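Source file: work04.txt. Holds: compact mmCIF, C-alpha atoms.
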# COMPACT_ATOMS: atom_id res chain seq x y z
CA MET A 72 -3.71 -86.99 196.80
CA LYS A 73 -0.36 -85.91 198.20
CA ASN A 74 -0.81 -82.13 198.39
CA LEU A 75 -3.06 -81.83 201.40
CA LYS A 76 -3.25 -78.50 203.20
CA THR A 77 -5.32 -76.92 205.96
CA SER A 78 -7.97 -74.33 205.17
CA GLY A 79 -10.21 -71.95 207.07
CA PRO A 80 -10.47 -71.01 210.74
CA VAL A 81 -9.98 -73.47 213.58
CA MET A 82 -13.41 -74.73 214.66
CA ILE A 83 -14.85 -76.52 217.69
CA THR A 84 -17.77 -78.92 218.02
CA ALA A 85 -20.76 -77.69 220.03
CA GLY A 86 -22.13 -81.24 220.36
CA SER A 87 -21.24 -84.85 219.67
CA TYR A 88 -20.81 -85.97 216.07
CA GLU A 89 -20.59 -89.38 214.36
CA LEU A 90 -17.72 -89.12 211.92
CA ILE A 91 -17.88 -92.77 210.78
CA SER A 92 -20.89 -95.03 211.22
CA THR A 93 -21.04 -98.42 209.48
CA GLU A 94 -22.03 -101.96 210.44
CA LYS A 95 -18.45 -102.68 211.47
CA ALA A 96 -17.02 -99.35 212.61
CA LEU A 97 -18.00 -96.27 214.60
CA VAL A 98 -16.01 -93.09 215.25
CA ASN A 99 -17.66 -90.51 217.48
CA LEU A 100 -16.40 -87.03 218.38
CA SER A 101 -17.48 -85.46 221.66
CA GLU A 102 -18.41 -81.86 222.28
CA GLY A 103 -15.32 -79.68 222.48
CA CYS A 104 -13.27 -81.28 219.69
CA VAL A 105 -11.17 -78.71 217.85
CA TRP A 106 -10.83 -79.19 214.10
CA ILE A 107 -9.91 -77.62 210.77
CA TYR A 108 -10.67 -78.46 207.13
CA VAL A 109 -8.16 -80.36 205.02
CA VAL A 110 -8.16 -79.55 201.31
CA ASN A 111 -6.61 -80.96 198.16
CA ASN A 112 -6.15 -78.54 195.26
CA GLY A 113 -8.72 -76.29 196.87
CA ASP A 114 -11.35 -79.01 197.39
CA ARG A 115 -12.37 -80.02 200.91
CA VAL A 116 -11.45 -83.67 201.42
CA GLY A 117 -11.64 -84.07 205.20
CA ILE A 118 -10.68 -82.62 208.56
CA ALA A 119 -7.96 -82.82 211.19
CA PHE A 120 -9.17 -82.84 214.80
CA ALA A 121 -8.03 -83.07 218.40
CA GLY A 122 -10.03 -83.68 221.53
CA HIS A 123 -12.02 -86.53 223.00
CA GLY A 124 -13.25 -89.13 220.54
CA ARG A 125 -14.12 -92.83 220.59
CA LEU A 126 -13.46 -95.57 218.08
CA ALA A 127 -15.14 -98.98 217.99
CA VAL A 128 -14.37 -101.61 215.34
CA ASP A 129 -15.88 -105.07 214.97
CA ALA A 130 -13.29 -106.96 212.93
CA ILE A 131 -14.77 -110.39 213.71
CA THR A 132 -15.98 -113.03 211.28
CA GLU A 133 -17.64 -116.28 212.40
CA THR A 134 -16.34 -119.52 210.87
CA ASP A 135 -16.99 -123.22 211.41
CA ALA A 136 -13.83 -123.29 213.50
CA GLY A 137 -14.90 -120.32 215.62
CA ALA A 138 -14.54 -116.55 215.49
CA ILE A 139 -11.72 -114.88 213.54
CA GLY A 140 -10.58 -111.36 214.28
CA LYS A 141 -11.11 -108.99 217.16
CA SER A 142 -13.31 -106.20 218.45
CA VAL A 143 -11.51 -103.02 219.47
CA ALA A 144 -12.82 -100.03 221.41
CA THR A 145 -10.53 -97.16 222.33
CA GLY A 146 -10.44 -93.46 222.93
CA LEU A 147 -8.65 -91.23 220.46
CA GLU A 148 -5.76 -89.16 221.76
CA GLY A 149 -3.78 -86.41 220.06
CA MET A 150 -4.23 -85.17 216.51
CA GLN A 151 -6.30 -87.29 214.12
CA LEU A 152 -6.64 -86.99 210.34
CA PHE A 153 -9.93 -87.91 208.65
CA LEU A 154 -10.35 -88.07 204.88
CA GLY A 155 -13.93 -88.31 203.68
CA GLU A 156 -17.17 -86.38 203.48
CA THR A 157 -18.42 -84.70 206.63
CA GLN A 158 -21.00 -82.15 207.72
CA ILE A 159 -19.41 -81.47 211.06
CA GLU A 160 -19.66 -77.72 210.46
CA ARG A 161 -23.39 -77.98 211.20
CA ILE A 162 -22.70 -78.50 214.90
CA SER A 163 -19.57 -76.34 215.12
CA ARG A 164 -18.44 -72.76 215.61
CA GLU A 165 -15.09 -70.96 215.53
CA ALA A 166 -12.85 -71.98 218.43
CA THR A 167 -11.63 -69.43 220.96
CA LEU A 168 -8.05 -69.10 222.17
CA SER A 169 -8.92 -70.50 225.60
CA GLU A 170 -10.60 -73.54 224.02
CA MET A 171 -7.48 -74.30 221.99
CA GLU A 172 -5.30 -73.77 225.06
CA HIS A 173 -7.48 -76.24 226.98
CA LEU A 174 -6.35 -78.92 224.52
CA GLY A 175 -2.70 -77.92 224.81
CA TYR A 176 -2.34 -75.60 221.82
CA SER A 177 -1.09 -72.04 222.23
CA GLY A 178 -3.37 -70.80 219.46
CA SER A 179 -4.49 -71.38 215.89
CA GLU A 180 -0.94 -71.20 214.50
CA ASP A 181 0.21 -73.91 216.89
CA PHE A 182 -2.79 -76.07 216.03
CA ILE A 183 -2.29 -75.66 212.28
CA SER A 184 1.44 -76.35 212.61
CA THR A 185 0.66 -79.65 214.34
CA VAL A 186 -1.79 -80.59 211.58
CA ASP A 187 0.76 -79.72 208.89
CA SER A 188 3.29 -81.99 210.59
CA ILE A 189 0.80 -84.88 210.67
CA ILE A 190 -0.02 -84.39 207.00
CA LYS A 191 3.66 -84.29 206.06
CA ASN A 192 4.51 -87.42 208.05
CA LYS A 193 1.42 -89.50 207.28
CA VAL A 194 0.29 -88.52 203.79
CA ASN A 195 2.49 -86.12 201.84
CA GLY A 196 5.70 -88.09 202.41
CA ASP A 197 7.17 -90.57 199.96
CA THR A 198 6.48 -93.76 201.96
CA LYS A 199 3.23 -93.02 203.74
CA VAL A 200 -0.47 -93.63 203.12
CA ASN A 201 -1.26 -92.50 199.59
CA VAL A 202 -4.92 -91.63 199.06
CA GLU A 203 -5.63 -91.65 195.33
CA ASN A 204 -9.40 -91.19 195.25
CA GLN A 205 -12.06 -90.07 197.66
CA GLU A 206 -14.19 -93.23 197.54
CA SER A 207 -13.77 -94.31 201.16
CA ASN A 208 -13.51 -92.85 204.63
CA VAL A 209 -10.01 -92.94 206.09
CA LEU A 210 -9.00 -92.27 209.70
CA ILE A 211 -5.30 -91.95 210.50
CA GLY A 212 -4.51 -91.37 214.14
CA THR A 213 -3.63 -92.69 217.56
CA GLY A 214 -5.56 -94.51 220.27
CA GLU A 215 -5.53 -93.73 223.99
CA ASP A 216 -2.89 -96.47 224.41
CA GLU A 217 -0.64 -94.64 221.90
CA LYS A 218 -1.11 -97.36 219.28
CA ALA A 219 -1.21 -96.13 215.70
CA ILE A 220 -4.58 -96.46 213.94
CA VAL A 221 -5.47 -96.65 210.26
CA LEU A 222 -9.15 -97.33 209.55
CA VAL A 223 -10.64 -97.50 206.06
CA THR A 224 -14.38 -97.96 205.55
CA THR A 225 -16.97 -97.60 202.81
CA GLU A 226 -20.43 -96.25 203.62
CA GLY A 227 -23.15 -98.87 203.30
CA LYS A 228 -20.70 -101.79 203.25
CA GLU A 229 -19.25 -104.12 205.86
CA ASP A 230 -15.81 -104.05 204.21
CA LEU A 231 -13.00 -102.49 206.20
CA VAL A 232 -9.26 -102.36 206.58
CA PHE A 233 -8.10 -101.81 210.15
CA SER A 234 -4.52 -101.45 211.34
CA TYR A 235 -4.14 -101.11 215.12
CA GLY A 236 -0.59 -101.09 216.40
CA LYS A 237 1.01 -104.24 214.96
CA ASN A 238 -2.34 -105.90 214.27
CA VAL A 239 -3.92 -105.87 210.81
CA TYR A 240 -7.44 -106.93 209.83
CA VAL A 241 -9.00 -107.03 206.36
CA VAL A 242 -12.71 -107.81 206.43
CA GLY A 243 -15.08 -108.42 203.51
CA GLU A 244 -18.67 -109.62 203.50
CA GLN A 245 -17.47 -113.25 203.46
CA GLU A 246 -13.69 -112.93 203.64
CA MET A 247 -11.26 -112.27 206.44
CA VAL A 248 -7.51 -111.91 206.92
CA SER A 249 -6.27 -111.44 210.48
CA VAL A 250 -2.64 -110.89 211.55
CA ASP A 251 -2.13 -110.26 215.26
CA ARG A 252 -0.33 -111.57 218.34
CA SER A 253 -2.57 -114.63 218.46
CA GLY A 254 -1.46 -115.76 215.00
CA VAL A 255 -2.56 -115.69 211.38
CA ARG A 256 -6.07 -116.56 210.23
CA ILE A 257 -7.45 -116.56 206.70
CA ARG A 258 -10.92 -117.24 205.39
CA GLY A 259 -11.94 -117.20 201.71
CA LYS A 260 -15.41 -116.55 200.34
CA HIS A 261 -16.00 -120.28 199.84
CA GLY A 262 -15.62 -120.93 203.55
CA LYS A 263 -12.11 -122.39 203.40
CA ALA A 264 -10.13 -121.31 206.45
CA LEU A 265 -6.62 -121.77 207.77
CA SER A 266 -5.27 -120.76 211.17
CA VAL A 267 -1.72 -120.70 212.55
CA THR A 268 -1.67 -120.10 216.31
CA LYS A 269 0.35 -121.17 219.34
CA ASP A 270 -1.95 -124.19 219.55
CA GLY A 271 -0.90 -125.37 216.10
CA ILE A 272 -2.16 -125.27 212.53
CA THR A 273 -5.72 -126.02 211.49
CA GLY A 274 -7.10 -126.24 207.97
CA LEU A 275 -4.05 -127.98 206.54
CA GLU A 276 -6.18 -129.34 203.73
CA CYS A 277 -6.16 -125.79 202.34
CA LEU A 278 -2.38 -125.59 201.94
CA GLU A 279 -2.30 -126.70 198.31
CA ASN A 280 -4.56 -123.75 197.40
CA LEU A 281 -3.20 -121.36 200.02
CA GLY A 282 -1.97 -118.67 197.63
CA GLU A 283 -5.29 -118.65 195.83
CA ILE A 284 -7.21 -118.36 199.13
CA ILE A 285 -5.06 -115.44 200.34
CA GLU A 286 -5.37 -113.57 197.06
CA GLU A 287 -9.11 -114.17 196.96
CA ALA A 288 -9.67 -113.05 200.53
CA VAL A 289 -7.57 -109.89 200.34
CA SER A 290 -8.65 -108.75 196.87
CA SER A 291 -12.34 -109.33 197.59
CA ALA A 292 -12.26 -107.70 201.01
CA MET A 293 -10.46 -104.66 199.61
CA SER A 294 -12.50 -104.38 196.40
CA GLY A 295 -14.55 -101.53 197.81
CA LEU A 296 -11.54 -99.81 199.33
CA ALA A 297 -9.53 -99.08 196.20
CA SER A 298 -8.80 -95.52 197.28
CA ILE A 299 -5.89 -96.68 199.43
CA LYS A 300 -2.78 -97.46 197.33
CA PRO A 301 -0.99 -98.69 199.32
CA LEU A 302 -1.35 -99.01 203.06
CA LYS A 303 2.19 -99.20 204.39
CA SER A 304 1.03 -101.28 207.35
CA MET A 305 -0.43 -103.91 205.02
CA LYS A 306 3.08 -105.27 204.38
CA ALA A 307 2.25 -107.78 207.10
CA ILE A 308 -0.38 -109.34 204.87
CA ARG A 309 2.02 -109.68 201.95
CA SER A 310 4.25 -111.81 204.18
CA ILE A 311 1.49 -114.26 205.14
CA PRO A 312 2.62 -117.13 202.83
CA HIS A 313 5.83 -117.34 204.89
CA ALA A 314 4.23 -116.78 208.28
CA TRP A 315 4.15 -120.43 209.24
CA ASP A 316 7.69 -121.33 208.16
CA ASN A 317 8.43 -121.26 211.90
CA VAL A 318 5.44 -121.00 214.20
CA ASP A 319 7.72 -120.22 217.16
CA ASP A 320 8.65 -116.90 215.52
CA PHE A 321 5.31 -115.42 216.59
CA ASP A 322 5.34 -113.09 219.60
CA TRP A 323 2.64 -115.08 221.39
CA ASP A 324 0.74 -113.82 224.38
CA ASP A 325 1.59 -115.84 227.46

Can I see the file as structure tokens?
Amino acid sequence: MKNLKTSGPVMITAGSYELISTEKALVNLSEGCVWIYVVNNGDRVGIAFAGHGRLAVDAITETDAGAIGKSVATGLEGMQLFLGETQIERISREATLSEMEHLGYSGSEDFISTVDSIIKNKVNGDTKVNVENQESNVLIGTGEDEKAIVLVTTEGKEDLVFSYGKNVYVVGEQEMVSVDRSGVRIRGKHGKALSVTKDGITGLECLENLGEIIEEAVSSAMSGLASIKPLKSMKAIRSIPHAWDNVDDFDWDD
């Protein structure tokens, strides 16, 4: 899916709307969000929107050694791209010029031009997120702290892939891979866990099967998210086997 285009008039929400709602992730749009359909070969595959929104992700898994992962809550700022099914038109109407100007756009052409730029840079380019199938919900955008966001979820499942700035989390029903400033943590479906943090390494008994644990955790957690091939930001996960060659290389929080 690398031929995304905008379609239809620029719309605005007349009430709040839950764009993503799963056990692990919630994305809510407030009243006054301006949006437009995104299509692929004439088929509606999502929307692009700007305005006030909120994202909350629970990327935490409990283990015998404690909690792995992180919870994140942030506002959404700027233009966001959502790929997935939506019925947002039910609480929307066509946006007026003054409503678009209120969000910093000079009119519909300016709004659409901004969306086209996002699509070109994030999806239609040669090295960006490549969405092959429409099996999952995908949010590509920016948080209120200007950190880049990629969120992939599947309705009715706890599985998710969440990239937030330099942090990456892959969560399955029993599996977890976490790469952030605090270190690297991996948990396989059989409960085996290994952590590399500024406090040292735990779970060393897993080292002889480390490659198997990583492959198991990532492949299982992403089994329901096969529509993303690949996530550019997931390169961090591919480098995990070498992450503890020098623990001091991590950019630890003080």

Requested in this report: Tell me, in Å to one decimal, how far atom CA of A:Ala119 is from atom CA of A:Trp106.
Outcome: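 Here the two named atoms are 5.5 Å from each other.
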
Query raised in the report: How far is it from atom CA of A:Val221 to atom CA of A:Lys193, in Å with one decimal?
Result: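 We find that atom CA of A:Val221 and atom CA of A:Lys193 lie 10.4 Å from each other.
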
Query raised in the report: Do you know which residues are at most 12 Å from A:Ser188 counting only C-alpha atoms, after dropping those on the same chain fewer than 3 positions away, and could you put them as number ranges by chain?
Result: A: 75-77, 119, 150-152, 181-185, 191-196

Requested in this report: Just give me the gap between atom CA of A:Ile83 and atom CA of A:Thr167 in Å, one decimal is fine.
Outcome: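 Atom-to-atom, atom CA of A:Ile83 and atom CA of A:Thr167 are spaced 8.4 Å apart.
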
Requested in this report: Go through A:Lys228, A:Lys237, A:Lys218, A:His123 one by one, measure the shortest atom-to-atom distance of each to A:Thr93 using only C-alpha atoms, and give the residue with the smallest value.
Outcome: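 Result for the nearest residue to A:Thr93: A:Lys228.
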
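Counting only C-alpha atoms, stretch 144-149 of chain A has the following residues at most 7 Å away, ignoring those fewer than 5 positions along the same chain: A:Ala121, A:Gly122, A:His123, A:Gly124, A:Arg125, A:Leu126, A:Ala127, A:Val128, A:Thr213, A:Gly214, A:Glu215.
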
Query raised in the report: Which one of A:Leu231, A:Ala219, A:Leu174, A:Ala96 sits closest to A:Ser142 if you count all atoms listed in the file?
Result: A:Ala96

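Considering all atoms listed in the file, the residue among A:Gly117, A:Asp251, A:Val239, A:Thr157 positioned nearest to A:Ser92 is A:Thr157.
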
Query raised in the report: Could you pull the residues within 8 Å of A:Ile159, counting all atoms listed in the file, minus those fewer than 6 positions along the same chain, as a list in words?
Result: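 Answer for this query is Thr84, Tyr88 and Leu90 of chain A.
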
**Report entry** Nearest-residue call for A:Ser179, choices A:Ile107, A:Leu97, A:Val143, A:Val248, using only C-alpha atoms
**Finding:**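 Result for the nearest residue to A:Ser179: A:Ile107.
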
Report task. Identify which of the residues A:Cys104, A:Gly155, A:Ser87, A:Glu229 lies closest to A:Asp129, counting all atoms listed in the file when measuring atom-to-atom distances. Result -> A:Glu229

Query - Spatial neighbours of A:Ser177, 9 Å, all atoms listed in the file, chain gap at least 6 places, as a PyMOL selection string - result: chain A and resi 168-169+171

Some atoms are missing, so please complete stretch 148-169 of chain A with N, CA and C atoms and return it as a tab-separated table (two decimals), keeping the file's coordinate frame.
chain	number	residue	atom	x	y	z
A	148	GLU	N	-6.59	-90.15	221.08
A	148	GLU	CA	-5.76	-89.16	221.76
A	148	GLU	C	-4.84	-88.46	220.77
A	149	GLY	N	-4.66	-87.16	220.94
A	149	GLY	CA	-3.78	-86.41	220.06
A	149	GLY	C	-4.49	-85.97	218.79
A	150	MET	N	-3.70	-85.66	217.78
A	150	MET	CA	-4.23	-85.17	216.51
A	150	MET	C	-4.62	-86.34	215.61
A	151	GLN	N	-5.80	-86.26	215.01
A	151	GLN	CA	-6.30	-87.29	214.12
A	151	GLN	C	-6.58	-86.67	212.75
A	152	LEU	N	-6.37	-87.44	211.70
A	152	LEU	CA	-6.64	-86.99	210.34
A	152	LEU	C	-7.75	-87.85	209.75
A	153	PHE	N	-8.81	-87.20	209.28
A	153	PHE	CA	-9.93	-87.91	208.65
A	153	PHE	C	-10.09	-87.43	207.22
A	154	LEU	N	-10.12	-88.37	206.28
A	154	LEU	CA	-10.35	-88.07	204.88
A	154	LEU	C	-11.67	-88.69	204.45
A	155	GLY	N	-12.60	-87.86	204.05
A	155	GLY	CA	-13.93	-88.31	203.68
A	155	GLY	C	-14.91	-87.16	203.80
A	156	GLU	N	-16.15	-87.41	203.40
A	156	GLU	CA	-17.17	-86.38	203.48
A	156	GLU	C	-17.65	-86.22	204.92
A	157	THR	N	-17.91	-84.99	205.29
A	157	THR	CA	-18.42	-84.70	206.63
A	157	THR	C	-19.26	-83.43	206.61
A	158	GLN	N	-20.19	-83.36	207.54
A	158	GLN	CA	-21.00	-82.15	207.72
A	158	GLN	C	-20.86	-81.65	209.16
A	159	ILE	N	-19.66	-81.82	209.68
A	159	ILE	CA	-19.41	-81.47	211.06
A	159	ILE	C	-19.59	-79.97	211.32
A	160	GLU	N	-19.50	-79.16	210.27
A	160	GLU	CA	-19.66	-77.72	210.46
A	160	GLU	C	-21.06	-77.36	210.95
A	161	ARG	N	-22.02	-78.26	210.77
A	161	ARG	CA	-23.39	-77.98	211.20
A	161	ARG	C	-23.53	-77.90	212.71
A	162	ILE	N	-22.62	-78.55	213.44
A	162	ILE	CA	-22.70	-78.50	214.90
A	162	ILE	C	-21.43	-77.85	215.48
A	163	SER	N	-20.84	-76.94	214.70
A	163	SER	CA	-19.57	-76.34	215.12
A	163	SER	C	-19.62	-74.82	215.02
A	164	ARG	N	-18.65	-74.21	215.68
A	164	ARG	CA	-18.44	-72.76	215.61
A	164	ARG	C	-16.93	-72.52	215.69
A	165	GLU	N	-16.51	-71.27	215.48
A	165	GLU	CA	-15.09	-70.96	215.53
A	165	GLU	C	-14.57	-71.10	216.96
A	166	ALA	N	-13.42	-71.73	217.11
A	166	ALA	CA	-12.85	-71.98	218.43
A	166	ALA	C	-12.20	-70.72	218.99
A	167	THR	N	-12.29	-70.55	220.30
A	167	THR	CA	-11.63	-69.43	220.96
A	167	THR	C	-10.22	-69.83	221.37
A	168	LEU	N	-9.42	-68.83	221.73
A	168	LEU	CA	-8.05	-69.10	222.17
A	168	LEU	C	-8.04	-69.99	223.41
A	169	SER	N	-8.91	-69.71	224.37
A	169	SER	CA	-8.92	-70.50	225.60
A	169	SER	C	-9.32	-71.94	225.33
